[in-house]
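Colleague: What follows is query-v8.cif, made up of mmCIF, C-alpha atoms and all ligand atoms:
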```cif
data_coords
#
loop_
_atom_site.label_atom_id
_atom_site.label_comp_id
_atom_site.auth_asym_id
_atom_site.auth_seq_id
_atom_site.Cartn_x
_atom_site.Cartn_y
_atom_site.Cartn_z
CA MET A 223 122.20 139.03 87.04
CA HIS A 224 121.06 138.61 90.66
CA ASP A 225 120.38 141.52 92.99
CA LEU A 226 122.40 140.22 95.91
CA PHE A 227 124.76 137.44 96.98
CA LEU A 228 125.18 136.83 100.70
CA HIS A 229 128.09 134.55 101.53
CA GLY A 230 127.73 132.83 104.90
CA THR A 231 126.88 129.35 106.15
CA ASN A 232 123.79 127.20 106.46
CA SER A 233 122.51 125.88 109.81
CA LYS A 234 125.08 123.08 109.67
CA GLY A 235 127.95 125.56 109.39
CA GLN A 236 128.67 124.64 105.76
CA PRO A 237 129.62 127.57 103.48
CA HIS A 238 126.55 128.66 101.55
CA THR A 239 125.63 131.59 99.34
CA LEU A 240 122.14 133.02 99.24
CA ALA A 241 121.23 134.56 95.90
CA ILE A 242 118.31 137.01 95.87
CA THR A 243 116.46 138.52 92.94
CA ASP A 244 113.36 140.73 93.17
CA GLY A 245 112.84 139.85 96.83
CA LEU A 246 112.84 136.12 96.11
CA VAL A 247 115.40 133.43 96.74
CA SER A 248 116.98 132.39 93.47
CA ASP A 249 119.26 129.85 95.13
CA PHE A 250 120.86 128.90 98.44
CA ALA A 251 123.77 126.58 97.82
CA GLU A 252 127.48 126.00 98.27
CA ASN A 253 128.29 127.03 94.72
CA ILE A 254 126.26 129.62 92.89
CA THR A 255 126.76 130.50 89.28
CA GLY A 256 126.25 133.92 87.74
CA THR A 257 126.89 137.36 89.15
CA ALA A 258 125.13 139.81 91.43
CA ARG A 259 124.90 143.58 91.62
CA GLU A 260 125.97 143.43 95.25
CA GLU A 261 127.91 140.84 97.26
CA VAL A 262 128.28 140.71 101.03
CA ASP A 263 130.67 138.42 102.88
CA LEU A 264 129.15 137.41 106.22
CA GLY A 265 132.10 135.25 107.25
CA ASP A 266 130.96 132.35 109.39
CA ALA A 267 127.56 133.87 110.22
CA MET A 268 124.60 131.57 109.56
CA ILE A 269 121.78 132.40 107.17
CA LEU A 270 118.59 130.82 108.49
CA PRO A 271 115.00 130.98 107.25
CA GLY A 272 113.11 133.47 109.42
CA TRP A 273 111.07 132.19 112.33
CA ILE A 274 107.37 131.85 111.45
CA ASP A 275 105.46 132.26 114.67
CA ALA A 276 101.88 131.03 114.39
CA HIS A 277 101.05 132.13 117.92
CA VAL A 278 101.41 135.75 119.00
CA HIS A 279 99.19 138.19 120.86
CA PHE A 280 100.05 141.71 119.69
CA ASN A 281 96.75 142.94 121.11
CA GLU A 282 95.69 145.55 118.55
CA PRO A 283 93.22 147.07 118.19
CA GLY A 284 92.20 147.96 121.70
CA ARG A 285 95.12 146.93 123.86
CA ALA A 286 98.13 148.54 122.23
CA ASP A 287 99.17 149.51 125.76
CA TRP A 288 99.82 145.79 126.37
CA GLU A 289 102.02 145.37 123.29
CA GLY A 290 101.09 146.64 119.81
CA LEU A 291 101.94 145.66 116.25
CA HIS A 292 104.78 148.18 115.82
CA THR A 293 106.69 147.17 118.96
CA GLY A 294 105.75 143.50 118.75
CA SER A 295 106.81 143.04 115.13
CA LEU A 296 110.09 144.93 115.59
CA ALA A 297 110.97 142.89 118.69
CA PHE A 298 110.14 139.75 116.74
CA ALA A 299 112.37 140.81 113.81
CA VAL A 300 115.24 141.45 116.20
CA GLY A 301 114.52 137.97 117.56
CA GLY A 302 114.85 136.34 114.13
CA GLY A 303 111.21 136.43 113.02
CA THR A 304 109.80 137.25 109.61
CA THR A 305 106.13 136.18 109.69
CA PHE A 306 103.58 135.93 112.47
CA ILE A 307 99.99 134.82 112.85
CA ASP A 308 98.14 136.96 115.37
CA MET A 309 95.62 135.42 117.75
CA PRO A 310 92.03 136.70 117.87
CA LEU A 311 92.56 137.89 121.43
CA ASN A 312 93.65 139.92 123.41
CA SER A 313 92.78 142.57 120.89
CA SER A 314 89.60 144.40 121.81
CA PRO A 315 87.18 143.65 120.39
CA PRO A 316 88.51 140.14 119.87
CA VAL A 317 88.27 138.84 116.30
CA THR A 318 84.99 136.95 116.17
CA THR A 319 83.33 138.58 113.12
CA ALA A 320 84.46 139.50 109.61
CA GLU A 321 84.19 143.17 110.57
CA ASP A 322 86.60 142.72 113.49
CA PHE A 323 88.87 140.70 111.23
CA LEU A 324 89.04 143.47 108.63
CA LYS A 325 89.61 146.08 111.30
CA LYS A 326 92.63 144.17 112.61
CA ARG A 327 93.92 143.50 109.12
CA ARG A 328 93.86 147.21 108.25
CA ILE A 329 95.68 148.19 111.45
CA ALA A 330 98.29 145.47 110.98
CA GLU A 331 98.92 146.49 107.37
CA GLU A 332 99.60 149.97 108.60
CA LYS A 333 101.66 149.19 111.71
CA SER A 334 103.34 145.81 111.35
CA HIS A 335 106.88 145.56 109.98
CA LEU A 336 106.62 141.84 109.23
CA ASP A 337 104.30 139.81 107.06
CA PHE A 338 101.31 138.43 108.92
CA ALA A 339 98.24 136.27 108.81
CA LEU A 340 95.33 136.32 111.25
CA TRP A 341 93.40 133.76 113.28
CA GLY A 342 89.66 134.12 113.69
CA GLY A 343 88.09 133.34 117.05
CA LEU A 344 85.93 130.28 117.74
CA THR A 345 83.54 131.10 120.58
CA PRO A 346 79.89 130.21 121.22
CA ASP A 347 78.84 133.48 119.55
CA SER A 348 81.20 133.36 116.58
CA ILE A 349 79.88 130.17 114.94
CA PRO A 350 77.66 132.11 112.47
CA HIS A 351 80.67 134.27 111.52
CA LEU A 352 83.28 131.60 110.75
CA THR A 353 82.49 131.41 107.03
CA ALA A 354 82.67 135.19 106.60
CA MET A 355 86.00 135.33 108.46
CA ALA A 356 87.31 132.58 106.17
CA ALA A 357 86.25 134.63 103.16
CA GLU A 358 88.34 137.52 104.49
CA GLY A 359 91.40 135.26 104.72
CA ALA A 360 91.42 133.77 108.23
CA ILE A 361 94.20 131.20 108.56
CA GLY A 362 92.03 129.10 110.90
CA PHE A 363 90.07 129.48 114.13
CA LYS A 364 91.29 129.54 117.71
CA ALA A 365 89.29 128.26 120.66
CA PHE A 366 89.87 128.05 124.39
CA MET A 367 88.80 124.89 126.22
CA CYS A 368 89.05 126.75 129.55
CA HIS A 369 88.58 130.38 130.61
CA SER A 370 90.68 132.54 128.28
CA GLY A 371 91.53 135.14 130.90
CA LEU A 372 89.10 137.58 129.28
CA ASP A 373 85.32 137.30 129.65
CA GLU A 374 84.88 138.87 126.19
CA PHE A 375 86.36 135.70 124.63
CA PRO A 376 84.31 132.88 126.20
CA HIS A 377 85.53 129.32 126.18
CA ALA A 378 84.24 126.66 123.79
CA ASP A 379 82.61 123.62 125.34
CA ALA A 380 82.38 120.32 123.45
CA ASP A 381 79.18 121.33 121.61
CA THR A 382 80.65 124.65 120.48
CA LEU A 383 83.86 122.98 119.40
CA ARG A 384 81.97 120.29 117.48
CA ALA A 385 79.86 122.90 115.66
CA GLY A 386 82.87 125.10 114.89
CA MET A 387 85.05 122.21 113.79
CA SER A 388 82.36 120.93 111.41
CA ILE A 389 82.24 124.32 109.69
CA ALA A 390 86.04 124.62 109.69
CA ALA A 391 86.27 121.16 108.10
CA ASP A 392 83.98 122.30 105.28
CA LEU A 393 86.11 125.44 104.89
CA GLN A 394 89.28 123.31 104.93
CA LEU A 395 90.75 125.43 107.69
CA PRO A 396 92.35 124.22 110.93
CA VAL A 397 91.04 124.82 114.44
CA ALA A 398 93.64 125.58 117.10
CA VAL A 399 92.83 124.88 120.73
CA HIS A 400 94.17 125.98 124.07
CA ALA A 401 93.87 122.52 125.55
CA GLU A 402 93.27 122.61 129.28
CA ILE A 403 90.12 121.58 131.09
CA ALA A 404 90.51 123.44 134.33
CA ARG A 405 89.00 122.13 137.53
CA ASP A 406 89.05 123.52 141.03
CA LEU A 407 91.71 121.71 143.00
CA PRO A 408 92.33 122.11 146.73
CA VAL A 409 95.43 124.33 146.54
CA ARG A 410 96.92 126.13 149.53
CA GLY A 411 98.20 129.67 149.11
CA THR A 412 98.46 132.03 146.15
CA ASP A 413 102.19 131.97 145.41
CA MET A 414 103.89 130.57 142.30
CA ALA A 415 104.19 127.09 143.81
CA ALA A 416 100.41 127.09 144.38
CA TRP A 417 99.80 128.30 140.81
CA LEU A 418 101.99 125.50 139.43
CA THR A 419 100.12 122.80 141.35
CA SER A 420 96.72 124.27 140.41
CA ARG A 421 97.18 123.40 136.68
CA PRO A 422 98.48 119.82 136.48
CA ILE A 423 99.31 117.97 133.28
CA SER A 424 96.08 115.97 133.64
CA PHE A 425 94.13 119.14 132.66
CA GLU A 426 95.98 119.18 129.35
CA LEU A 427 95.58 115.48 128.69
CA GLU A 428 91.83 115.52 129.27
CA ALA A 429 91.40 118.45 126.85
CA ILE A 430 93.73 117.01 124.19
CA THR A 431 91.83 113.71 124.28
CA LEU A 432 88.48 115.49 123.87
CA ALA A 433 89.76 117.71 121.03
CA ILE A 434 91.25 114.75 119.16
CA GLY A 435 87.96 112.88 119.48
CA LEU A 436 86.12 115.84 117.96
CA ALA A 437 88.67 116.11 115.15
CA ALA A 438 88.10 112.44 114.36
CA GLU A 439 84.34 112.97 114.42
CA THR A 440 84.25 116.12 112.29
CA GLY A 441 87.24 115.58 109.99
CA CYS A 442 88.57 118.99 111.03
CA ALA A 443 92.31 119.71 110.97
CA LEU A 444 93.29 120.26 114.60
CA HIS A 445 96.29 122.17 115.94
CA ILE A 446 96.96 121.92 119.66
CA VAL A 447 98.88 124.91 120.94
CA HIS A 448 101.43 125.18 123.75
CA VAL A 449 101.60 121.58 124.92
CA THR A 450 103.99 121.34 127.85
CA CYS A 451 104.45 117.63 128.41
CA PRO A 452 105.57 114.44 126.63
CA GLU A 453 102.31 112.71 127.56
CA GLY A 454 100.38 115.34 125.55
CA ILE A 455 102.69 114.93 122.56
CA ASP A 456 102.22 111.15 122.75
CA LEU A 457 98.43 111.51 122.54
CA VAL A 458 98.89 113.52 119.35
CA THR A 459 101.38 111.03 117.91
CA GLU A 460 98.99 108.18 118.60
CA ALA A 461 96.13 110.10 116.92
CA LYS A 462 98.31 110.78 113.87
CA SER A 463 98.95 107.05 113.60
CA ARG A 464 95.16 106.58 113.37
CA GLY A 465 95.05 108.99 110.43
CA ILE A 466 93.65 111.98 112.33
CA ASP A 467 94.79 115.35 110.96
CA VAL A 468 96.35 116.83 114.09
CA THR A 469 99.51 118.83 114.76
CA VAL A 470 101.03 120.06 117.98
CA GLU A 471 102.91 123.16 119.10
CA THR A 472 105.14 123.81 122.05
CA CYS A 473 106.74 127.10 123.09
CA PRO A 474 110.30 128.20 123.83
CA HIS A 475 109.47 128.76 127.51
CA TYR A 476 108.38 125.15 127.99
CA LEU A 477 111.75 124.08 126.57
CA LEU A 478 113.96 126.69 128.23
CA LEU A 479 112.45 127.17 131.71
CA THR A 480 111.33 124.87 134.53
CA ASP A 481 109.03 125.10 137.55
CA THR A 482 112.05 126.05 139.67
CA ASP A 483 112.77 128.93 137.30
CA ALA A 484 109.12 130.01 137.64
CA ILE A 485 109.47 130.23 141.41
CA ARG A 486 112.76 132.17 141.09
CA ILE A 487 111.51 134.56 138.37
CA GLY A 488 107.97 135.09 139.69
CA ALA A 489 105.22 136.92 137.81
CA ALA A 490 107.12 137.29 134.50
CA ALA A 491 107.11 133.47 134.29
CA LYS A 492 103.42 132.99 134.96
CA CYS A 493 101.63 131.29 132.10
CA ALA A 494 98.93 128.68 131.50
CA PRO A 495 99.60 125.83 131.25
CA PRO A 496 102.38 126.56 133.75
CA LEU A 497 106.08 125.75 133.53
CA ARG A 498 106.89 122.12 134.35
CA PRO A 499 109.56 120.17 136.28
CA ALA A 500 113.00 119.63 134.72
CA SER A 501 112.28 115.95 134.01
CA THR A 502 109.20 116.92 131.96
CA VAL A 503 111.19 119.58 130.09
CA GLU A 504 113.88 117.03 129.27
CA ALA A 505 111.31 114.55 127.97
CA LEU A 506 109.70 117.32 125.89
CA TRP A 507 113.11 117.98 124.29
CA GLN A 508 113.36 114.30 123.48
CA ARG A 509 109.97 114.39 121.70
CA LEU A 510 111.18 117.45 119.79
CA ARG A 511 114.42 115.74 118.72
CA ASP A 512 112.43 112.68 117.69
CA GLY A 513 110.30 114.84 115.37
CA PHE A 514 106.98 114.45 117.21
CA ILE A 515 106.43 118.19 117.75
CA ASP A 516 105.30 120.02 114.63
CA THR A 517 105.72 123.70 115.43
CA ILE A 518 107.25 126.07 117.96
CA GLY A 519 105.25 129.23 118.65
CA SER A 520 106.19 131.96 121.10
CA ASP A 521 102.73 132.49 122.59
CA HIS A 522 104.05 136.00 123.18
CA SER A 523 101.35 137.36 125.47
CA PRO A 524 102.50 140.48 127.28
CA ALA A 525 100.65 142.78 129.66
CA PRO A 526 101.50 146.09 131.33
CA PRO A 527 103.78 145.92 134.41
CA GLU A 528 100.91 146.69 136.79
CA MET A 529 99.23 143.47 135.62
CA LYS A 530 102.46 141.49 135.98
CA THR A 531 103.31 142.35 139.57
CA GLY A 532 101.93 141.24 142.92
CA ASP A 533 102.04 138.36 145.33
CA ASP A 534 98.80 136.69 144.30
CA LEU A 535 99.82 134.66 141.28
CA PHE A 536 96.20 133.72 140.64
CA LYS A 537 95.31 137.38 140.07
CA ILE A 538 98.20 138.58 137.91
CA TRP A 539 98.09 138.22 134.12
CA GLY A 540 99.17 134.87 132.74
CA GLY A 541 101.36 135.23 129.68
CA ILE A 542 105.01 135.09 128.71
CA ALA A 543 106.63 138.01 126.90
CA GLY A 544 109.52 136.26 125.21
CA ILE A 545 109.34 136.92 121.49
CA GLN A 546 112.68 138.69 121.25
CA HIS A 547 114.86 136.01 122.80
CA GLY A 548 113.09 132.67 122.55
CA PHE A 549 114.52 131.83 119.13
CA PRO A 550 118.17 132.75 119.84
CA LEU A 551 118.03 130.86 123.14
CA LEU A 552 116.63 127.78 121.40
CA LEU A 553 119.43 127.95 118.82
CA ASP A 554 121.91 127.59 121.67
CA ARG A 555 120.32 124.25 122.46
CA SER A 556 119.79 122.98 118.91
CA LEU A 557 120.47 124.15 115.37
CA ASP A 558 118.16 121.50 114.05
CA LEU A 559 114.81 123.20 114.61
CA LEU A 560 114.09 124.64 111.16
CA PRO A 561 111.19 122.24 110.58
CA GLN A 562 109.43 123.45 113.74
CA THR A 563 110.31 127.15 113.49
CA SER A 564 109.86 127.72 109.74
CA ILE A 565 109.04 124.86 107.40
CA ASN A 566 106.15 123.21 109.26
CA PRO A 567 104.23 126.36 110.27
CA ALA A 568 104.36 127.58 106.66
CA LYS A 569 103.05 124.22 105.43
CA ARG A 570 100.45 123.66 108.13
CA PHE A 571 98.95 127.13 107.72
CA ARG A 572 99.50 127.19 103.93
CA LEU A 573 101.50 130.41 103.82
CA PRO A 574 102.41 130.91 100.17
CA GLY A 575 106.10 131.57 99.47
CA LYS A 576 107.14 131.25 103.11
CA GLY A 577 109.16 128.85 105.27
CA GLN A 578 112.18 127.84 103.20
CA LEU A 579 115.21 129.29 101.44
CA GLY A 580 114.39 127.45 98.24
CA PRO A 581 114.22 128.91 94.74
CA GLY A 582 111.07 131.00 94.28
CA TYR A 583 110.35 131.46 97.99
CA ASP A 584 110.28 134.88 99.62
CA ALA A 585 113.77 135.90 100.75
CA ASP A 586 112.77 135.94 104.43
CA PHE A 587 115.76 135.12 106.59
CA THR A 588 117.83 136.05 109.56
CA ILE A 589 121.59 136.30 109.96
CA VAL A 590 122.87 134.72 113.14
CA LYS A 591 126.33 135.09 114.64
CA LYS A 592 127.97 133.53 117.65
CA ALA A 593 128.47 136.46 120.02
CA PRO A 594 127.45 135.82 123.63
CA HIS A 595 125.58 138.78 125.05
CA PRO A 596 123.56 138.99 128.30
CA ILE A 597 119.88 139.88 128.01
CA THR A 598 119.12 143.15 129.77
CA ALA A 599 115.87 145.06 130.12
CA ASP A 600 117.16 148.04 128.12
CA GLN A 601 117.56 145.85 124.99
CA LEU A 602 113.90 144.88 124.88
CA LEU A 603 112.01 146.40 121.97
CA THR A 604 108.68 145.15 123.28
CA ARG A 605 106.27 147.71 124.75
CA HIS A 606 107.28 146.80 128.30
CA PRO A 607 110.71 145.70 129.53
CA ILE A 608 109.41 142.39 130.86
CA SER A 609 110.94 139.03 129.94
CA PRO A 610 111.48 135.78 131.83
CA TYR A 611 114.87 135.51 130.10
CA LEU A 612 116.51 138.59 131.68
CA GLY A 613 120.02 137.71 132.83
CA GLN A 614 120.43 134.78 130.46
CA THR A 615 123.28 134.98 127.95
CA PRO A 616 122.47 133.54 124.54
CA THR A 617 125.51 132.55 122.50
CA HIS A 618 123.61 133.14 119.28
CA GLN A 619 122.85 136.72 118.33
CA ILE A 620 120.52 137.80 115.56
CA GLN A 621 122.46 140.29 113.46
CA THR A 622 119.96 141.31 110.82
CA THR A 623 116.60 140.06 109.62
CA TYR A 624 115.46 140.35 106.01
CA LEU A 625 111.91 140.34 104.72
CA ARG A 626 111.39 139.75 100.99
CA GLY A 627 115.05 140.54 100.34
CA GLN A 628 115.20 143.81 102.32
CA LYS A 629 116.55 144.50 105.81
CA VAL A 630 113.68 144.93 108.28
CA THR A 631 113.54 148.48 109.60
CA PRO A 632 110.86 150.60 111.31
CA SER A 633 109.73 151.66 107.82
CA THR A 634 109.27 148.11 106.47
CA LYS A 635 105.70 147.60 105.25
CA ALA A 636 103.88 144.35 105.93
CA HIS A 637 101.95 142.10 103.60
CA PHE A 638 98.77 140.38 104.71
CA ILE A 639 98.86 136.65 103.94
CA ARG A 640 95.84 134.56 103.04
CA PRO A 641 96.14 130.80 103.22
CA LYS A 642 96.76 129.43 99.76
CA THR A 643 94.11 127.32 98.13
CA ASN A 644 94.75 123.88 96.75
CA THR A 645 95.21 125.29 93.27
CA ASP A 646 97.87 127.89 94.23
CA GLN A 647 101.52 127.24 93.39
CA ASN A 648 104.33 127.14 95.94
ZN ZN N 1 98.27 132.24 123.33
#
```
Would you mind writing the file out in structure tokens?

Modeller:
Amino acid sequence: MHDLFLHGTNSKGQPHTLAITDGLVSDFAENITGTAREEVDLGDAMILPGWIDAHVHFNEPGRADWEGLHTGSLAFAVGGGTTFIDMPLNSSPPVTTAEDFLKKRRIAEEKSHLDFALWGGLTPDSIPHLTAMAAEGAIGFKAFMCHSGLDEFPHADADTLRAGMSIAADLQLPVAVHAEIARDLPVRGTDMAAWLTSRPISFELEAITLAIGLAAETGCALHIVHVTCPEGIDLVTEAKSRGIDVTVETCPHYLLLTDTDAIRIGAAAKCAPPLRPASTVEALWQRLRDGFIDTIGSDHSPAPPEMKTGDDLFKIWGGIAGIQHGFPLLLDRSLDLLPQTSINPAKRFRLPGKGQLGPGYDADFTIVKKAPHPITADQLLTRHPISPYLGQTPTHQIQTTYLRGQKVTPSTKAHFIRPKTNTDQN
């Protein structure tokens, strides 16, 4: 006897039933045998594995006024998410020691409503602490190849990266990099157009090339976050063909918004690397369809309104707050993204029991219906009602999100996830 049968469809619109027992998937198929204590008919609603977002900034401890684990995880659940991996910044202190790691873990266990893992930070000062953070369960280490926006999280130059990646290779953990090598360019003005031209694609390509070289040298697994351009993806694809262990992420905003949108929207659309021209966005979609992009992460990086307003785009906070609507908006463009949103992040970061609706996996899923609904500020569950997607009308609506077989509510308790070792099952 199963606990629950949910009758709906899979991502291809084919009738499927999800059978759940003890919080785990027992089966997800067209025909299911046996009986269940409870059955729910979802009609033509889709049952999709929950989005696993390996790139969020929920900013606790220390900057809960920017976002927070309670608001961030609830907004993510309403956006179709079930598991996140929090970045070592912009919490304060940032996570660069085992002590900071444990502090964040304890707070997240108390406040998050979704399962989570944590990145450790790779900075010049954190090198002696990487092994201890790994022992506490760090999923990997994140480094910035340019200024991070916060002086308390200094960037990693080639020597720091090499040292950190050598240790990470021994620990069998990946290093994730913000890949931009920023240089001062002669840019006129401080408006959005100036900001866009101040961070060209060449900054990304130089950094990606350097990081791949260091991955080859050290044998470290490398994950390049938020790549905006097909040229960057192609560098990764070429490195993979040489046997280098490298994966690449892009974000919903690089697929859904262009440089023209950035100029129209203003500060809410400021991010680094910046939004790109429509032709670049189209080519990025092509790389995604061709299977050359491994993961999609939100890079949800909010800040209070006073840091997201003003005319000087070089001074305002760079970060997109889009965790609630990125996934539904992407579904409007393609229903074929489950590898990038669920399966691949679970595999790359070795999240046990996550990423698929297969027998024995955690019953982490989201129910999606076609019901066009405009995005308004009053719907946002994030700490601040800021989103670059305001006014857009996604066709796909997240109805309900389930974590380990239960509907996610403000009383859902999170589990901390350690990366599985080579001897773990599933
Ligand atoms: Zn980020």

Colleague: Considering all atoms listed in the file, return as a list in words whatever protein or nucleic-acid residues lie within 8 Å of region 630-642 of chain A, sequence-local ones (same chain, fewer than 5 positions apart) excluded.

Modeller: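 Residues near the query, excluding close chain neighbours: His292, Leu296, Ala299, Arg327, Ala330, Glu331, Glu332, Lys333, Ser334, His335, Leu336, Asp337, Phe338, Ala339, Gly359, Ala360, Ile361, Phe571, Arg572, Leu573, Pro574, Thr622, Thr623, Tyr624 and Leu625 of chain A.
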
Colleague: Record the distance separating CA of Ala443 (chain A) and CA of Gly465 (chain A), expressed in Å with one decimal.

Modeller: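 Spanning CA of Ala443 (chain A) to CA of Gly465 (chain A) is a straight-line distance of 11.1 Å.
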
Colleague: For ligand ZN 1 (chain N), which of A:Ser520, A:Gln621, A:Ser420, A:Ser501 is the closest residue, counting all atoms listed in the file?

Modeller: A:Ser520

Colleague: With all atoms listed in the file counted, collect every polymer residue having an atom within 9 Å of ligand ZN 1 (chain N); state the result as a ChimeraX atom specification.

Modeller: /A:277-279,309,311-312,400,447-448,494,519-523,541

Colleague: Nearest to Pro610 (chain A): which of A:Gly371, A:Pro283, A:Gly548, A:Gly302 is it, counting all atoms listed in the file?

Modeller: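 Looking only at the distances to Pro610 (chain A), the closest residue turns out to be A:Gly548.
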
Colleague: State, in Å with one decimal place, the distance from CA of Pro350 (chain A) to CA of Ala385 (chain A).

Modeller: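 Calculated distance between CA of Pro350 (chain A) and CA of Ala385 (chain A) is 10.0 Å.
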
Colleague: With a distance cut-off of 12 Å and all atoms listed in the file, select the neighbouring residues of Ala505 (chain A), excluding the residue or stretch itself and same-chain residues fewer than 2 positions from it, and output the selection as a list in words.

Modeller: Thr450, Cys451, Pro452, Glu453, Gly454, Ile455, Asp456, Tyr476, Leu477, Arg498, Pro499, Ala500, Ser501, Thr502, Val503, Trp507, Gln508, Arg509, Leu510, Arg511, Asp512, Phe514 and Ile515 of chain A

Colleague: Kindly give the distance, in Å, that separates CA of Leu557 (chain A) and CA of Pro607 (chain A), rounded to a single decimal.

Modeller: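 Distance reported for this atom pair: 27.6 Å.
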
Colleague: From the list A:Gly435, A:Pro271, A:Gly627, A:Pro495, which residue is nearest Gly580 (chain A) when using only C-alpha atoms?

Modeller: A:Pro271
